[in-house]
$ cat protein.cif   # mmCIF, C-alpha atoms and all ligand atoms
data_target
#
loop_
_atom_site.label_atom_id
_atom_site.label_comp_id
_atom_site.auth_asym_id
_atom_site.auth_seq_id
_atom_site.Cartn_x
_atom_site.Cartn_y
_atom_site.Cartn_z
CA MET A 25 75.71 190.23 72.66
CA LEU A 26 74.70 193.03 74.99
CA THR A 27 73.53 196.31 73.45
CA ILE A 28 73.40 199.54 75.46
CA ASP A 29 71.70 202.38 73.65
CA VAL A 30 73.00 205.86 74.32
CA ASP A 31 69.85 207.82 73.48
CA LEU A 32 70.71 211.49 73.33
CA LYS A 33 68.37 214.48 73.05
CA ARG A 34 69.53 215.00 69.47
CA PRO A 35 68.59 211.61 67.93
CA SER A 36 71.30 211.98 65.27
CA HIS A 37 73.86 211.91 68.11
CA SER A 38 72.53 208.65 69.58
CA TYR A 39 74.46 205.40 69.21
CA SER A 40 74.92 201.90 70.56
CA ILE A 41 77.57 200.30 72.72
CA LEU A 42 77.97 196.60 71.85
CA LEU A 43 79.64 194.36 74.40
CA GLU A 44 80.70 190.74 74.01
CA SER A 45 83.76 188.66 74.75
CA GLY A 46 85.55 187.97 71.44
CA LEU A 47 83.60 190.71 69.63
CA CYS A 48 86.72 192.43 68.33
CA ALA A 49 88.66 189.34 67.19
CA ASP A 50 87.78 190.59 63.68
CA TRP A 51 87.11 194.25 64.41
CA ARG A 52 87.34 195.36 60.79
CA ALA A 53 84.51 193.01 59.74
CA GLN A 54 82.46 194.17 62.76
CA VAL A 55 82.85 197.81 61.73
CA GLU A 56 82.16 197.18 58.03
CA SER A 57 79.00 195.19 58.76
CA ARG A 58 77.59 197.97 60.93
CA LEU A 59 78.73 201.17 59.22
CA ALA A 60 78.85 201.01 55.44
CA SER A 61 81.47 203.18 53.76
CA SER A 62 83.83 203.23 50.81
CA SER A 63 86.79 203.85 53.15
CA TYR A 64 87.86 203.33 56.76
CA LEU A 65 90.72 204.99 58.58
CA ALA A 66 92.07 203.03 61.58
CA LEU A 67 93.99 205.00 64.19
CA VAL A 68 95.65 202.29 66.24
CA ASP A 69 97.73 202.45 69.44
CA ALA A 70 101.28 201.84 68.17
CA ASN A 71 102.12 199.25 70.87
CA LEU A 72 99.00 197.30 70.09
CA ALA A 73 99.59 197.58 66.34
CA GLU A 74 103.08 196.15 66.71
CA ALA A 75 101.96 193.29 68.95
CA HIS A 76 99.03 192.34 66.69
CA ASP A 77 100.66 192.68 63.31
CA ILE A 78 98.45 195.56 62.17
CA PRO A 79 99.59 197.11 58.85
CA SER A 80 102.15 199.80 59.47
CA HIS A 81 101.69 203.57 59.70
CA GLY A 82 100.73 204.92 56.29
CA CYS A 83 99.58 201.57 54.83
CA MET A 84 96.53 201.23 52.58
CA GLU A 85 94.82 197.88 52.04
CA GLU A 86 91.62 197.83 50.01
CA LYS A 87 89.09 199.98 51.89
CA TRP A 88 91.32 200.39 54.95
CA ARG A 89 93.99 202.98 55.74
CA TYR A 90 96.17 202.73 58.86
CA LEU A 91 97.87 205.27 61.10
CA TRP A 92 99.64 204.44 64.35
CA VAL A 93 99.13 206.61 67.42
CA GLN A 94 101.95 206.96 69.94
CA PRO A 95 100.26 206.26 73.29
CA GLY A 96 101.05 207.79 76.71
CA GLU A 97 100.08 211.15 78.21
CA GLU A 98 103.45 212.56 77.08
CA ASN A 99 102.37 212.01 73.45
CA LYS A 100 98.88 213.44 73.81
CA HIS A 101 99.78 216.78 72.32
CA LEU A 102 98.85 219.10 69.47
CA GLU A 103 101.88 218.02 67.39
CA GLN A 104 100.76 214.39 67.21
CA TYR A 105 97.16 215.50 66.52
CA ALA A 106 98.33 217.76 63.66
CA ALA A 107 100.60 215.08 62.18
CA LEU A 108 97.74 212.55 62.20
CA CYS A 109 95.45 215.06 60.44
CA GLU A 110 98.07 215.74 57.76
CA ASP A 111 98.77 212.02 57.26
CA ALA A 112 95.05 211.27 57.06
CA LEU A 113 94.56 213.98 54.43
CA HIS A 114 97.38 212.49 52.34
CA PHE A 115 95.27 209.35 52.05
CA GLY A 116 92.58 211.35 50.28
CA ILE A 117 89.88 210.59 52.81
CA THR A 118 86.37 211.91 52.21
CA ARG A 119 83.41 213.01 54.37
CA ASP A 120 82.18 209.42 54.06
CA THR A 121 85.31 207.89 55.63
CA VAL A 122 84.72 206.16 58.98
CA LEU A 123 87.48 206.73 61.52
CA VAL A 124 88.11 203.79 63.86
CA ALA A 125 90.01 204.36 67.12
CA VAL A 126 91.63 201.19 68.47
CA GLY A 127 93.46 201.56 71.77
CA GLY A 128 93.31 203.02 75.26
CA GLY A 129 92.22 206.41 76.50
CA VAL A 130 94.98 208.45 74.87
CA THR A 131 94.40 206.89 71.44
CA GLY A 132 90.64 207.32 71.80
CA ASP A 133 90.99 210.96 72.84
CA ILE A 134 93.36 211.92 70.02
CA ALA A 135 91.47 209.90 67.39
CA GLY A 136 88.18 211.40 68.58
CA PHE A 137 89.61 214.90 68.17
CA VAL A 138 90.87 214.04 64.68
CA ALA A 139 87.44 212.62 63.77
CA SER A 140 85.63 215.65 65.09
CA THR A 141 87.72 218.20 63.19
CA LEU A 142 88.90 216.51 59.98
CA LEU A 143 86.76 217.67 57.05
CA ARG A 144 84.57 219.25 59.78
CA GLY A 145 83.64 215.90 61.25
CA LEU A 146 83.78 212.20 60.36
CA ARG A 147 81.91 209.22 61.74
CA LEU A 148 83.82 207.63 64.59
CA VAL A 149 83.94 204.10 66.02
CA GLN A 150 85.56 203.62 69.42
CA ILE A 151 87.17 200.22 70.10
CA PRO A 152 88.59 200.64 73.61
CA THR A 153 91.29 198.14 74.58
CA THR A 154 91.93 199.18 78.19
CA LEU A 155 89.54 198.81 81.10
CA LEU A 156 89.65 202.56 81.75
CA ALA A 157 88.62 203.31 78.17
CA GLN A 158 85.91 200.61 78.23
CA VAL A 159 84.24 201.93 81.40
CA ASP A 160 84.70 205.64 80.82
CA SER A 161 86.54 207.46 78.06
CA SER A 162 85.15 205.65 74.98
CA VAL A 163 81.59 206.69 75.89
CA GLY A 164 80.30 210.25 75.82
CA GLY A 165 82.28 211.85 73.02
CA LYS A 166 84.86 213.86 74.98
CA ASN A 167 88.16 214.05 73.14
CA GLY A 168 91.24 216.22 73.01
CA VAL A 169 94.91 216.70 73.74
CA ASN A 170 96.94 218.26 76.51
CA ALA A 171 98.38 221.78 76.26
CA GLU A 172 101.06 223.54 78.26
CA ALA A 173 98.32 225.05 80.38
CA GLY A 174 96.96 221.65 81.35
CA LYS A 175 95.42 218.29 80.60
CA ASN A 176 92.74 217.96 77.90
CA MET A 177 92.70 221.72 77.34
CA VAL A 178 92.14 221.48 73.58
CA GLY A 179 89.33 219.28 72.30
CA THR A 180 85.65 218.92 71.49
CA ILE A 181 82.65 216.76 72.28
CA HIS A 182 81.95 214.56 69.24
CA GLN A 183 79.85 211.47 69.87
CA PRO A 184 80.96 208.19 68.30
CA SER A 185 78.57 206.40 65.93
CA LEU A 186 79.37 203.07 67.57
CA VAL A 187 81.37 201.66 70.50
CA LEU A 188 82.59 198.03 70.37
CA ILE A 189 83.72 196.58 73.71
CA ASP A 190 85.46 193.22 73.93
CA PRO A 191 86.33 192.35 77.56
CA ALA A 192 88.56 189.46 76.33
CA VAL A 193 91.22 191.99 75.27
CA LEU A 194 91.75 192.84 78.95
CA ASP A 195 93.47 189.47 79.56
CA SER A 196 96.69 190.86 78.09
CA LEU A 197 96.50 194.24 79.84
CA PRO A 198 99.37 194.96 82.28
CA ARG A 199 98.19 194.70 85.89
CA ARG A 200 98.79 198.37 86.63
CA GLU A 201 96.69 199.51 83.68
CA TYR A 202 93.93 197.07 84.61
CA LEU A 203 93.82 198.49 88.14
CA ALA A 204 93.67 202.02 86.75
CA GLY A 205 90.36 201.03 85.14
CA VAL A 206 89.18 199.40 88.36
CA ALA A 207 89.58 202.81 90.06
CA GLU A 208 87.10 204.28 87.54
CA ILE A 209 84.66 201.43 88.27
CA VAL A 210 84.82 202.24 92.01
CA LYS A 211 84.32 205.93 91.13
CA THR A 212 81.20 205.07 89.14
CA ALA A 213 79.82 203.03 92.04
CA VAL A 214 80.47 205.82 94.58
CA LEU A 215 78.58 208.18 92.28
CA ASP A 216 75.76 205.78 91.55
CA SER A 217 74.57 203.83 94.56
CA ALA A 218 75.28 202.00 97.80
CA GLU A 219 73.96 198.89 96.04
CA PHE A 220 76.56 198.92 93.23
CA PHE A 221 79.28 199.78 95.76
CA SER A 222 78.26 196.84 97.95
CA GLU A 223 78.37 194.50 94.94
CA LEU A 224 81.96 195.61 94.33
CA GLN A 225 82.80 195.02 98.00
CA LYS A 226 81.33 191.51 97.85
CA GLY A 227 83.01 190.75 94.53
CA SER A 228 86.32 192.47 95.25
CA ALA A 229 88.36 189.27 94.76
CA LYS A 230 86.71 188.70 91.36
CA LEU A 231 87.14 192.33 90.37
CA SER A 232 90.78 192.31 91.37
CA SER A 233 91.53 189.05 89.52
CA GLY A 234 89.63 190.07 86.37
CA ASP A 235 86.96 187.34 86.60
CA HIS A 236 85.40 187.42 83.11
CA GLU A 237 81.75 187.37 84.09
CA PHE A 238 82.14 189.84 86.94
CA ILE A 239 84.16 192.30 84.89
CA ALA A 240 81.82 192.12 81.89
CA ASP A 241 78.88 192.90 84.20
CA ALA A 242 80.80 195.77 85.82
CA ILE A 243 81.72 197.25 82.41
CA ALA A 244 78.10 197.05 81.24
CA ARG A 245 76.88 198.68 84.43
CA CYS A 246 79.43 201.51 84.19
CA CYS A 247 78.51 202.11 80.53
CA ARG A 248 74.80 202.29 81.42
CA ILE A 249 75.46 204.69 84.29
CA LYS A 250 77.76 206.86 82.22
CA SER A 251 75.23 206.90 79.36
CA GLY A 252 72.68 208.29 81.81
CA PHE A 253 74.99 211.18 82.73
CA VAL A 254 75.73 211.88 79.06
CA LYS A 255 72.04 211.71 78.14
CA ASP A 256 71.16 214.26 80.84
CA ASP A 257 74.04 216.61 80.09
CA GLU A 258 75.80 215.88 76.81
CA ARG A 259 77.66 219.23 76.79
CA ASP A 260 79.08 218.75 80.32
CA THR A 261 77.63 221.90 81.82
CA GLY A 262 75.94 220.32 84.84
CA ARG A 263 75.31 216.81 86.12
CA ARG A 264 77.95 215.18 83.91
CA GLN A 265 80.62 217.08 85.87
CA LEU A 266 79.98 214.68 88.75
CA LEU A 267 82.01 212.15 86.73
CA ASN A 268 85.02 214.20 87.80
CA LEU A 269 84.87 212.73 91.31
CA GLY A 270 88.48 212.43 92.49
CA HIS A 271 89.78 214.13 89.34
CA THR A 272 90.57 217.63 90.63
CA PHE A 273 92.81 216.26 93.39
CA GLY A 274 94.04 213.56 90.98
CA HIS A 275 94.99 215.99 88.21
CA VAL A 276 97.17 217.99 90.62
CA LEU A 277 99.02 214.81 91.60
CA GLU A 278 99.40 213.55 88.03
CA SER A 279 100.60 216.90 86.86
CA LEU A 280 103.15 217.34 89.67
CA ALA A 281 104.49 213.87 88.81
CA GLY A 282 105.16 215.22 85.30
CA TYR A 283 103.08 212.70 83.28
CA ASP A 284 106.14 210.47 83.04
CA GLY A 285 104.23 207.25 83.63
CA SER A 286 105.27 207.00 87.29
CA VAL A 287 101.74 207.93 88.37
CA VAL A 288 98.99 206.59 86.13
CA HIS A 289 95.62 208.33 85.82
CA GLY A 290 93.60 205.68 87.68
CA GLU A 291 96.04 205.68 90.61
CA ALA A 292 95.75 209.46 90.89
CA VAL A 293 91.94 209.18 90.71
CA ALA A 294 91.96 206.52 93.47
CA VAL A 295 93.93 208.80 95.80
CA GLY A 296 91.84 211.77 94.62
CA MET A 297 88.65 209.95 95.61
CA VAL A 298 89.99 209.21 99.09
CA LEU A 299 90.97 212.88 99.44
CA ALA A 300 87.51 214.00 98.27
CA CYS A 301 85.87 211.72 100.88
CA ARG A 302 88.21 212.96 103.61
CA PHE A 303 87.60 216.57 102.60
CA SER A 304 83.86 215.92 103.05
CA VAL A 305 84.45 214.26 106.43
CA ALA A 306 86.49 217.30 107.52
CA ARG A 307 83.51 219.51 106.55
CA SER A 308 81.13 217.15 108.41
CA THR A 309 79.21 216.42 105.23
CA MET A 310 80.13 212.71 105.02
CA LYS A 311 80.23 210.00 107.66
CA GLN A 312 83.68 208.77 108.62
CA SER A 313 82.47 205.17 108.21
CA GLU A 314 81.52 205.75 104.55
CA ALA A 315 84.85 207.41 103.75
CA ASP A 316 86.59 204.46 105.46
CA ALA A 317 84.60 202.04 103.29
CA VAL A 318 85.75 203.76 100.07
CA GLU A 319 89.35 203.74 101.21
CA THR A 320 89.20 200.10 102.34
CA LEU A 321 87.71 198.93 99.03
CA LEU A 322 90.39 200.74 97.01
CA ALA A 323 93.15 199.31 99.20
CA THR A 324 91.67 195.79 99.02
CA LEU A 325 91.71 196.05 95.24
CA GLY A 326 95.41 196.95 95.30
CA LEU A 327 95.04 200.65 94.53
CA PRO A 328 96.99 203.43 96.28
CA THR A 329 95.02 205.42 98.83
CA CYS A 330 97.49 208.05 99.99
CA ILE A 331 99.69 210.57 98.20
CA SER A 332 102.96 209.15 99.53
CA GLN A 333 102.26 205.84 97.73
CA LEU A 334 102.20 207.55 94.33
CA GLY A 335 105.35 207.33 92.21
CA ALA A 336 107.01 205.21 94.90
CA ASP A 337 108.79 203.13 92.20
CA ARG A 338 110.67 206.09 90.77
CA SER A 339 114.45 206.09 91.13
CA GLU A 340 114.03 209.52 92.73
CA PRO A 341 110.76 209.49 94.68
CA ILE A 342 108.63 212.61 94.40
CA GLU A 343 109.06 215.11 97.25
CA TRP A 344 105.34 215.59 97.68
CA SER A 345 105.67 218.10 100.49
CA ALA A 346 107.77 220.44 98.35
CA ALA A 347 105.72 219.75 95.20
CA LEU A 348 102.41 220.59 96.86
CA SER A 349 103.86 223.81 98.30
CA SER A 350 105.24 224.97 94.95
CA ASP A 351 103.98 227.68 92.58
CA ASP A 352 103.48 224.87 90.03
CA ALA A 353 100.82 223.32 92.25
CA VAL A 354 98.94 226.63 92.47
CA ALA A 355 99.18 227.07 88.69
CA VAL A 356 97.85 223.55 88.02
CA ILE A 357 94.87 223.93 90.28
CA ALA A 358 94.07 227.43 89.00
CA ALA A 359 94.15 226.12 85.41
CA ASP A 360 91.78 223.25 86.22
CA LYS A 361 88.86 223.31 83.78
CA LYS A 362 86.55 223.23 86.78
CA ALA A 363 88.01 226.40 88.28
CA GLU A 364 86.04 229.65 88.12
CA SER A 365 87.00 233.14 89.26
CA SER A 366 85.22 232.42 92.54
CA GLY A 367 87.43 229.39 93.16
CA VAL A 368 87.72 225.71 92.32
CA ASN A 369 84.73 223.38 91.92
CA LEU A 370 84.99 220.02 93.66
CA VAL A 371 82.84 216.91 93.41
CA LEU A 372 82.33 215.91 97.02
CA PRO A 373 80.61 212.76 98.28
CA HIS A 374 78.00 213.27 101.01
CA ALA A 375 77.36 209.54 101.05
CA ILE A 376 78.06 206.59 98.76
CA GLY A 377 75.55 207.23 95.97
CA ASP A 378 75.15 210.93 96.78
CA CYS A 379 77.92 213.12 95.32
CA ARG A 380 77.51 216.85 94.73
CA LEU A 381 79.31 219.55 92.76
CA GLU A 382 80.33 222.26 95.21
CA LYS A 383 81.83 225.56 94.15
CA GLY A 384 84.20 228.27 95.23
CA PHE A 385 87.05 226.55 97.10
CA PRO A 386 90.24 228.66 97.27
CA PRO A 387 93.13 226.77 95.61
CA ALA A 388 95.33 227.40 98.68
CA ASP A 389 92.82 225.59 100.94
CA ILE A 390 92.77 222.54 98.68
CA LEU A 391 96.56 222.38 98.47
CA ARG A 392 96.92 222.83 102.23
CA PHE A 393 94.48 219.98 102.78
CA MET A 394 96.43 217.76 100.37
CA HIS A 395 99.70 218.71 102.04
CA ASP A 396 98.32 217.82 105.46
CA HIS A 397 97.29 214.39 104.18
CA ILE A 398 100.37 213.27 102.25
CA ASN A 399 100.76 210.19 104.41
CA GLY A 400 97.07 209.49 104.95
CA GLY A 401 96.97 209.99 108.69
CA TRP A 402 93.25 210.61 108.96
N1 LIG A 501 85.33 211.25 81.66
C1 LIG A 501 84.30 212.09 82.13
C2 LIG A 501 83.29 212.44 81.07
O1 LIG A 501 83.27 211.84 80.02
O2 LIG A 501 82.52 213.33 81.28
#
$ encode --input "protein.cif" --output "structure tokens"
Amino acid sequence: MLTIDVDLKRPSHSYSILLESGLCADWRAQVESRLASSSYLALVDANLAEAHDIPSHGCMEEKWRYLWVQPGEENKHLEQYAALCEDALHFGITRDTVLVAVGGGVTGDIAGFVASTLLRGLRLVQIPTTLLAQVDSSVGGKNGVNAEAGKNMVGTIHQPSLVLIDPAVLDSLPRREYLAGVAEIVKTAVLDSAEFFSELQKGSAKLSSGDHEFIADAIARCCRIKSGFVKDDERDTGRRQLLNLGHTFGHVLESLAGYDGSVVHGEAVAVGMVLACRFSVARSTMKQSEADAVETLLATLGLPTCISQLGADRSEPIEWSAALSSDDAVAVIAADKKAESSGVNLVLPHAIGDCRLEKGFPPADILRFMHDHINGGW
């Protein structure tokens, strides 16, 4: 079993990520053997719970209590968070209860928020079951729900006590969700180094097909890299913000699509990364050849690389030209958590392995750039 230690400045916030194929076949025993408690509260993705015969919402069995979380961005709201808190309190949980989040990014984010606020904070175990959650959202303690004003606007940073990653669970992940996680792996490589990026280029067929050894190595590498960002900047006030590469452009696209599942987060991040590279090329701060390499790798892996590819399966395709010219687009970008009164902050690559946080871009300039690049056409 591989152990990655997330050593934070406050030692009480430090924890381990354990990674092994088959690790979570008996996840309850794994949790109990590592974190002793008189009670455990499992918050499980409802689709997963149904497919794996997990006791139903509201069930109690010996030390374990179960609540089901409705997955999907459209369910990541304050109402579901509040209902889960109320249901958890009905169980009579105590400060000693360990909360266990089993599911993808939405489940992990809501469960993390519940854990951080219930009885002013419970121990949390993250058991991510999607690639995106395994390489990114289960590590680092960010949690929360969406609000009318925008994505992830209400939440905290509450580190887990343990993260258990079982790459074998990815075998049953729908292709589209798998690829959404692959986009975050490419993002991590673009942030980290030309060397990691080149390994992904060489192993693109293995990455795309979900080769067990390759993907387990890539997950471990992403977790180590992300741990480094979190260690340097747990509260997300500086270097950690680089992890938002592709996300400012991506959030605009996801939001304009209405979070109806027609554009998934990783797809929006993939296009957002291409836009960030092209934005840098337009400012002469990145070589065309490096931006081309990022775009080619994403396309080779089967990810979208231009705005017009997003939501193409919808019965009524999105009118991106109108959407990006609308007041809604301005409101979304102005509400971005990375926006300041001086303008929007963007993470911009200067080279593969050298990304920088740059400040003060007028929202109208960003939207105009996106509008001019709806069909790629670099
Ligand atoms: N997902 C970005 C972060 O955890 O900071």
$ closest_residue --input "protein.cif" --among "A:Asp284, A:Asp378, A:Glu278, A:Asp260" --to "Leu348 of chain A" --atoms "all atoms listed in the file"
A:Glu278
$ residues_near_point --input "protein.cif" --point "(84.0, 217.7, 96.3)" --cutoff "10 Å" --atoms "all atoms listed in the file" --output "list in words"
Leu266, Asn268, Leu269, Gly270, His271, Thr272, Phe273, Gly296, Met297, Leu299, Ala300, Cys301, Arg302, Phe303, Ser304, Val368, Asn369, Leu370, Val371, Leu372, Pro373, His374, Cys379, Arg380, Leu381, Glu382, Lys383 and Phe385 of chain A
$ residues_near_ligand --input "protein.cif" --ligand "ligand LIG 501 (chain A)" --cutoff "6 Å" --atoms "all atoms listed in the file" --output "VMD selection string"
chain A and resid 160 to 161 164 166 264 267
$ closest_atom_pairs --input "protein.cif" --of "segment 93-176 of chain A" --to "segment 180-193 of chain A" --cutoff "10 Å" --atoms "all atoms listed in the file" --output "Markdown table"
| residue | atom | partner | partner_atom | distance |
| --- | --- | --- | --- | --- |
| A:Val122 | CA | A:Ser185 | CA | 9.3 |
| A:Leu123 | CA | A:Pro184 | CA | 9.5 |
| A:Val124 | CA | A:Pro184 | CA | 9.5 |
| A:Ala125 | CA | A:Val187 | CA | 9.7 |
| A:Val126 | CA | A:Leu188 | CA | 9.8 |
| A:Asp133 | CA | A:Thr180 | CA | 9.7 |
| A:Gly136 | CA | A:His182 | CA | 7.0 |
| A:Phe137 | CA | A:Thr180 | CA | 6.5 |
| A:Val138 | CA | A:Thr180 | CA | 9.9 |
| A:Ala139 | CA | A:His182 | CA | 8.0 |
| A:Ser140 | CA | A:His182 | CA | 5.7 |
| A:Thr141 | CA | A:Thr180 | CA | 8.6 |
| A:Gly145 | CA | A:His182 | CA | 8.3 |
| A:Leu146 | CA | A:Pro184 | CA | 9.3 |
| A:Arg147 | CA | A:Ser185 | CA | 6.1 |
| A:Leu148 | CA | A:Pro184 | CA | 4.7 |
| A:Val149 | CA | A:Leu186 | CA | 4.9 |
| A:Gln150 | CA | A:Val187 | CA | 4.8 |
| A:Ile151 | CA | A:Leu188 | CA | 5.1 |
| A:Pro152 | CA | A:Ile189 | CA | 6.3 |
| A:Thr153 | CA | A:Val193 | CA | 6.2 |
| A:Thr154 | CA | A:Val193 | CA | 7.8 |
| A:Leu155 | CA | A:Pro191 | CA | 8.0 |
| A:Ala157 | CA | A:Ile189 | CA | 9.4 |
| A:Gln158 | CA | A:Ile189 | CA | 6.4 |
| A:Val159 | CA | A:Ile189 | CA | 9.4 |
| A:Ser162 | CA | A:Val187 | CA | 7.1 |
| A:Val163 | CA | A:Val187 | CA | 7.4 |
| A:Gly164 | CA | A:Gln183 | CA | 6.1 |
| A:Gly165 | CA | A:Gln183 | CA | 4.0 |
| A:Lys166 | CA | A:Ile181 | CA | 4.5 |
| A:Asn167 | CA | A:Thr180 | CA | 5.7 |
| A:Gly168 | CA | A:Thr180 | CA | 6.4 |
| A:Val169 | CA | A:Thr180 | CA | 9.8 |
| A:Asn176 | CA | A:Thr180 | CA | 9.6 |
$ residues_around --input "protein.cif" --residues "Ile209 of chain A" --least-positions-apart "2" --cutoff "10 Å" --atoms "all atoms listed in the file" --output "PyMOL selection string"
chain A and resi 155-156+159-160+203-207+211-215+220-221+224+231+239+242-243+245-247+290
$ atom_distance --input "protein.cif" --atom1 "atom CA of Gly96 of chain A" --atom2 "atom CA of Gly282 of chain A"
12.1 Å
$ residues_around --input "protein.cif" --residues "Ser63 of chain A" --least-positions-apart "2" --cutoff "8 Å" --atoms "only C-alpha atoms" --output "ChimeraX atom specification"
/A:61,65,87-89,117,120-122
$ atom_distance --input "protein.cif" --atom1 "atom CA of Leu142 of chain A" --atom2 "atom CA of Val130 of chain A"
18.0 Å
$ atom_distance --input "protein.cif" --atom1 "atom CA of Asp389 of chain A" --atom2 "atom CA of Ala353 of chain A"
12.0 Å
$ build_atoms --input "protein.cif" --residues "segment 262-278 of chain A" --atoms "N, CA, C and O atoms" --output "mmCIF file, in the coordinates of the input"
data_model
loop_
_atom_site.group_PDB
_atom_site.id
_atom_site.type_symbol
_atom_site.label_atom_id
_atom_site.label_comp_id
_atom_site.auth_asym_id
_atom_site.auth_seq_id
_atom_site.Cartn_x
_atom_site.Cartn_y
_atom_site.Cartn_z
ATOM 1 N N GLY A 262 76.618 220.514 83.553
ATOM 2 C CA GLY A 262 75.940 220.320 84.840
ATOM 3 C C GLY A 262 76.233 218.967 85.438
ATOM 4 O O GLY A 262 77.353 218.679 85.857
ATOM 5 N N ARG A 263 75.226 218.095 85.388
ATOM 6 C CA ARG A 263 75.310 216.810 86.120
ATOM 7 C C ARG A 263 76.505 215.947 85.682
ATOM 8 O O ARG A 263 77.080 215.224 86.491
ATOM 9 N N ARG A 264 76.837 216.017 84.402
ATOM 10 C CA ARG A 264 77.950 215.180 83.910
ATOM 11 C C ARG A 264 79.257 215.488 84.662
ATOM 12 O O ARG A 264 80.137 214.638 84.764
ATOM 13 N N GLN A 265 79.371 216.709 85.178
ATOM 14 C CA GLN A 265 80.620 217.080 85.870
ATOM 15 C C GLN A 265 80.853 216.237 87.122
ATOM 16 O O GLN A 265 81.962 216.176 87.643
ATOM 17 N N LEU A 266 79.788 215.567 87.596
ATOM 18 C CA LEU A 266 79.980 214.680 88.750
ATOM 19 C C LEU A 266 80.956 213.547 88.420
ATOM 20 O O LEU A 266 81.591 212.982 89.318
ATOM 21 N N LEU A 267 81.070 213.214 87.125
ATOM 22 C CA LEU A 267 82.010 212.150 86.730
ATOM 23 C C LEU A 267 83.447 212.517 87.050
ATOM 24 O O LEU A 267 84.349 211.696 86.938
ATOM 25 N N ASN A 268 83.664 213.769 87.433
ATOM 26 C CA ASN A 268 85.020 214.200 87.800
ATOM 27 C C ASN A 268 85.351 213.905 89.267
ATOM 28 O O ASN A 268 86.356 214.402 89.784
ATOM 29 N N LEU A 269 84.555 213.086 89.921
ATOM 30 C CA LEU A 269 84.870 212.730 91.310
ATOM 31 C C LEU A 269 86.326 212.231 91.402
ATOM 32 O O LEU A 269 86.724 211.340 90.651
ATOM 33 N N GLY A 270 87.082 212.836 92.287
ATOM 34 C CA GLY A 270 88.480 212.430 92.490
ATOM 35 C C GLY A 270 89.444 213.038 91.491
ATOM 36 O O GLY A 270 90.664 212.955 91.651
ATOM 37 N N HIS A 271 88.906 213.673 90.429
ATOM 38 C CA HIS A 271 89.780 214.130 89.340
ATOM 39 C C HIS A 271 90.495 215.439 89.620
ATOM 40 O O HIS A 271 91.594 215.650 89.116
ATOM 41 N N THR A 272 89.881 216.350 90.383
ATOM 42 C CA THR A 272 90.570 217.630 90.630
ATOM 43 C C THR A 272 91.819 217.374 91.481
ATOM 44 O O THR A 272 92.931 217.802 91.136
ATOM 45 N N PHE A 273 91.643 216.623 92.582
ATOM 46 C CA PHE A 273 92.810 216.260 93.390
ATOM 47 C C PHE A 273 93.780 215.419 92.537
ATOM 48 O O PHE A 273 94.988 215.624 92.562
ATOM 49 N N GLY A 274 93.214 214.476 91.776
ATOM 50 C CA GLY A 274 94.040 213.560 90.980
ATOM 51 C C GLY A 274 94.865 214.275 89.927
ATOM 52 O O GLY A 274 96.042 213.966 89.738
ATOM 53 N N HIS A 275 94.253 215.272 89.262
ATOM 54 C CA HIS A 275 94.990 215.990 88.210
ATOM 55 C C HIS A 275 96.196 216.722 88.791
ATOM 56 O O HIS A 275 97.249 216.798 88.157
ATOM 57 N N VAL A 276 96.034 217.284 89.992
ATOM 58 C CA VAL A 276 97.170 217.990 90.620
ATOM 59 C C VAL A 276 98.313 216.993 90.810
ATOM 60 O O VAL A 276 99.478 217.269 90.470
ATOM 61 N N LEU A 277 97.974 215.802 91.307
ATOM 62 C CA LEU A 277 99.020 214.810 91.600
ATOM 63 C C LEU A 277 99.678 214.303 90.322
ATOM 64 O O LEU A 277 100.903 214.206 90.235
ATOM 65 N N GLU A 278 98.859 214.022 89.317
ATOM 66 C CA GLU A 278 99.400 213.550 88.030
ATOM 67 C C GLU A 278 100.311 214.590 87.418
ATOM 68 O O GLU A 278 101.371 214.299 86.884
#
